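What follows is a set of notes on a single structure, which appears directly below.
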Amino acid sequence: MDNAIPGLRQQLRQLVAIPSVSATDPKLDMGNRAVVELLGEWLEVLGFDVELMPLPGQPHKANMIATLSSGGPADGGLVLAGHTDTVPYDEGRWQSDPFKLEERDNRWYGLGSTDMKGFFPLAIEAARAVAGKPLQQPLIILATADEETSMAGARALVEAGRPRGRFAVVGEPTGLRPVRMHKGMMMEAVRITGRSGHSSNPALGASALEAMHGAIGELLALRSEWQQRYNNPGFAVPVPTMNLGCIHGGDNPNRICGFTELQFDVRPLPGMALDELRGELEQHLQQSVHGEGLRLDYGPLFEGVEAFEQPATSELVEAAEKLTGHTAGSVAFATEAPFFKSMGMDTIVLGPGDIDQAHQPDEYLGLDRIEPMLDVLRGLIARFCL
C-alpha cells in the first residue's frame with residue numbers, strides 16, 4: 001500500500017520544489033495549497049483521513065489535518081505539527097537552486113529543508129510503521145499556513161477548535177533537543193503627527209521628531225522597568241527585551257518634522273500577557289506627548305504571539321527527554337506552540353534542524369539527524385498512540 005508514497009528524500013525533493021513563500025510584502029507572498037494537497041495525497045495512501053481547511057478569504061492558503069484513528073476515537077492522541085510556508089530567499093546568494101534539493105557534505109540543501117518542510121517526510125516515515133495497526137489513540141499530522149508572517153493558520157485552528165489532540169509536537173528546528181519554553185513576540189508601531197513649518201521659526205510648527213524623542217525615552221524607561229520586574233533564568237537572555245528597530249520621519253533639514261514613525265519589537269517571557277503589555281505601552285506613550293498640534297497613535301503591526309511554557313512535569317516533556325537524552329530547555333524564537341497549548345494540548349517544540357540554518361542562504365538539513373529524529377517520532381507514537 002505505502003509503496004505508492006515516494007521515499008523520504010524524494011518526498012522532501014518534491015516539497016522543496018513547490019514555492020510556498022509567505023511574506024508581508026504582497027509581491028513576494030504566495031500560497032501553500034499545493035504543498036498541503038501533496039502531503040494529503042501521501043497520507044491518504046497510509047489510511048489517514050485528510051481535511052483541508054482554507055484560510056478565510058484566502059483559498060490559495062490552507063491548513064491540513066490528517067487523522068489516523070483505526071476506527072477508534074477521533075479526539076485525543078498525538079499531533080505532529082509543522083508549517084508549510086517558508087521565508088523569502090536571497091536570490092544570488094545560494095550556491096544551488098533554493099527549490100532543487102541538493103545533497104552535498106552529508107546535507108540536504110534547499111529552501112525549507114530545516115524550517116521546516118523537512119519535518120513532514122520524517123513524520124510520514126514514522127507513521128508508516130503504524131499504518132494499518134489498531135491504535136488506542138489517534139495520530140494526527142498537521143500542516144499549517146502562514147507561520148512565518150501572521151500565524152493565520154494557527155489562529156484559524158484555534159478559532160475552529162481543531163485538532164482536538166492531547167499531545168502536540170511542533171517540529172521546528174531545535175537540534176533534536178526538546179523545548180518547553182519560548183518567548184513571545186510583539187511588533188508595534190508609534191506614529192506621531194505634528195505640524196510642519198519653516199525651521200527658522202519653531203513657533204510655526206510642532207515637531208513630531210522632538211516628540212518622538214520623548215516617546216523613546218518612555219519606551220526605554222518601561223523596558224528597564226520590565227527587566228527589573230520579570231526574570232526567568234531558564235532563558236539564555238533571562239529578561240524581556242525591547243528592540244527599537246526602525247524610525248522614519250521628516251523630509252528636509254530646513255523643515256519642522258510633521259510626521260515620524262517608530263517600529264519596535266518586544267520579546268516577553270512566559271507569564272507576560274500581550275494585552276496587559278500593550279495597555280502599559282499605550283499609557284506610557286500617551287503621557288510622553290505634550291504640546292499643541294501633536295498627536296500620537298500607537299498600535300500593533302500584527303496580533304503577536306504569546307510566550308509559551310509547558311510544565312517540566314508534563315508527561316510529554318518527560319517522554320521527549322527520555323527519548324532524546326536531553327533535558328527540555330528554552331529558545332528565543334517564537335513558534336505555533338502557544339496556540340496548540342491554548343487548545344488544551346500538552347505541547348513541546350522538537351525538530352531535527354538547527355535554527356542557525358533557518359532563514360539563511362544555503363539552508364540545509366544534516367543527514368545525521370534523520371535516523372535519530374525518526375527514532376524519537378516512533379517512540380512518541382508508540383507511547384501516545386499504541
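Following the order of the C-alpha cells, first chain is A, next is B, and so on, with residues numbered from 1 inside each chain and ligands from 1 in the order they appear.
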(Q) Could you go through segment 136-346 of chain A and tell me which residues DSSP, when run on the backbone, assigns to strand (DSSP E or B), listing them as a PyMOL selection string? (A) chain A and resi 139-144+167-170+179-182+185-193+195+198+206+241-249+255+259-267+295-300+305+308-309+329-331+346
Q) Which residues come within 8 Å of Pro270 of chain A, counting only C-alpha atoms, excluding same-chain residues fewer than 3 positions away, as a list in words? A) Met181, His182, Lys183, Gly184, Ala273, Glu306, Ala307, Phe308 and Glu309 of chain A
Q | Who sits within 10 Å of segment 235-251 of chain A, only C-alpha atoms, same chain under 6 positions skipped, as number ranges by chain | A | A: 181-193, 196, 207-209, 212, 216, 219-220, 222-224, 226-229, 257-270, 272, 329-332
(Q) Taking 3 positions as the minimum chain separation for residues in the same chain, which residues sit within 6 Å of segment 340-351 of chain A when counting only C-alpha atoms? Answer as a list in words. (A)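 Contacts, with the query itself left out: Arg166, Phe167, Ala168, Val169, Val170, Gly171, Glu172, Pro173, Thr174, Leu176, Pro178, Val179, Arg180 and Ala337 of chain A.
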Q.
Given only C-alpha atoms as the basis, pick out the residue of A:Val21, A:Ile381, A:Leu12, A:Ala312 nearest to Leu80 of chain A.
A. A:Ile381
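Here the question is which of A:Ala328, A:Cys385, A:Ile18, A:Ala206 gets nearest to Leu294 of chain A using only C-alpha atoms, and that residue is A:Ala206.
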**Q.** Nearest candidate to Gly112 of chain A (options A:Pro98, A:Gly7, A:Gly71, A:Pro233; using only C-alpha atoms)
**A.**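 When distances to Gly112 of chain A are compared using only C-alpha atoms, the smallest one comes from A:Pro98.
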Q: For Lys133 of chain A, work out the shell of residues within 12 Å, counting only C-alpha atoms and skipping chain neighbours fewer than 3 positions away, then give it as an NGL selection string.
A: :A and (46-47 or 68-72 or 127-130 or 136-139 or 382 or 385-386)
Output for the residues just chosen: C-alpha atoms as a PDB file, in the first residue's frame:
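Written file, out-v6.pdb:
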```pdb
ATOM      1  CA  LEU A  46      -1.435   5.376   4.540  1.00  0.00           C
ATOM      2  CA  GLY A  47      -5.079   5.417   5.586  1.00  0.00           C
ATOM      3  CA  LEU A  68      -5.183   8.078  11.546  1.00  0.00           C
ATOM      4  CA  SER A  69      -7.576   6.559  14.064  1.00  0.00           C
ATOM      5  CA  SER A  70      -8.153   2.904  13.088  1.00  0.00           C
ATOM      6  CA  GLY A  71     -11.848   3.384  13.772  1.00  0.00           C
ATOM      7  CA  GLY A  72     -11.158   4.402  17.359  1.00  0.00           C
ATOM      8  CA  ALA A 127       3.718   6.865  10.570  1.00  0.00           C
ATOM      9  CA  ARG A 128       4.359   4.040   8.097  1.00  0.00           C
ATOM     10  CA  ALA A 129       5.182   1.726  10.996  1.00  0.00           C
ATOM     11  CA  VAL A 130       1.681   2.029  12.477  1.00  0.00           C
ATOM     12  CA  GLN A 136      -5.530   3.195  21.073  1.00  0.00           C
ATOM     13  CA  GLN A 137      -5.365   6.939  20.358  1.00  0.00           C
ATOM     14  CA  PRO A 138      -5.269   8.785  17.019  1.00  0.00           C
ATOM     15  CA  LEU A 139      -2.154  10.013  15.259  1.00  0.00           C
ATOM     16  CA  ALA A 382       4.340   4.150  20.381  1.00  0.00           C
ATOM     17  CA  CYS A 385      -0.977   6.185  20.159  1.00  0.00           C
ATOM     18  CA  LEU A 386      -0.431   2.425  20.521  1.00  0.00           C
TER      19      LEU A 386
END
```
Q.
Show me, as a list in words, the residues that have an atom within 10 Å of Leu367 of chain A when counting only C-alpha atoms, minus same-chain residues fewer than 2 positions from it.
A.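 Final neighbour list, sorted by chain and number: Glu103, Arg104, Asp105, Asn106, Arg107, Trp108, Pro352, Gly353, Tyr364, Leu365, Arg369, Ile370, Glu371 and Pro372 of chain A.
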Please produce an output containing C-alpha atoms for each residue in the selection, written as a PDB file, in the first residue's frame.
```pdb
ATOM      1  CA  GLU A 103      22.888  16.616  -1.422  1.00  0.00           C
ATOM      2  CA  ARG A 104      26.447  17.559  -0.595  1.00  0.00           C
ATOM      3  CA  ASP A 105      28.657  17.437   2.504  1.00  0.00           C
ATOM      4  CA  ASN A 106      26.256  14.904   4.074  1.00  0.00           C
ATOM      5  CA  ARG A 107      23.500  17.524   4.000  1.00  0.00           C
ATOM      6  CA  TRP A 108      20.294  18.207   2.098  1.00  0.00           C
ATOM      7  CA  PRO A 352      15.827  17.772  13.588  1.00  0.00           C
ATOM      8  CA  GLY A 353      17.139  21.014  12.115  1.00  0.00           C
ATOM      9  CA  TYR A 364      20.250  22.615   4.944  1.00  0.00           C
ATOM     10  CA  LEU A 365      19.238  19.607   6.996  1.00  0.00           C
ATOM     11  CA  ARG A 369      19.745  13.999  12.068  1.00  0.00           C
ATOM     12  CA  ILE A 370      17.404  11.752  10.060  1.00  0.00           C
ATOM     13  CA  GLU A 371      17.588   8.450  11.930  1.00  0.00           C
ATOM     14  CA  PRO A 372      17.723   9.976  15.441  1.00  0.00           C
TER      15      PRO A 372
END
```
**Q.** Picked from segment 131-354 of chain A by DSSP as alpha helix (DSSP H), as a ChimeraX atom specification
**A.** /A:152-160,208-229,274-286,315-324,337-342
**Q.** Gap from atom CA of His83 of chain A to atom CA of Ser314 of chain A - Å, one decimal
**A.**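 Computing the Euclidean distance for atom CA of His83 of chain A and atom CA of Ser314 of chain A yields 24.0 Å.
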Q.
I want to know what sits within 12 Å of Ser96 of chain A, based on only C-alpha atoms, with residues of the same chain fewer than 5 positions away left out; could you give that as number ranges by chain?
A. A: 89-91, 101-104, 108-111, 361-364
Q: May I ask which of the residues A:Ala126, A:Arg177, A:Glu282, A:Gly234 is the closest one to Val317 of chain A, counting only C-alpha atoms?
A: A:Arg177
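Among the candidates A:Glu148, A:Gly197, A:Pro338, A:Gly118, the residue lying nearest to Asp354 of chain A is A:Gly118 (atoms considered: only C-alpha atoms).
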Q: Could you tell me which of A:Val79, A:Pro134, A:His284, A:Arg195 comes closest to Phe384 of chain A if we count only C-alpha atoms?
A: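 Closest to Phe384 of chain A, using only C-alpha atoms: A:Val79.
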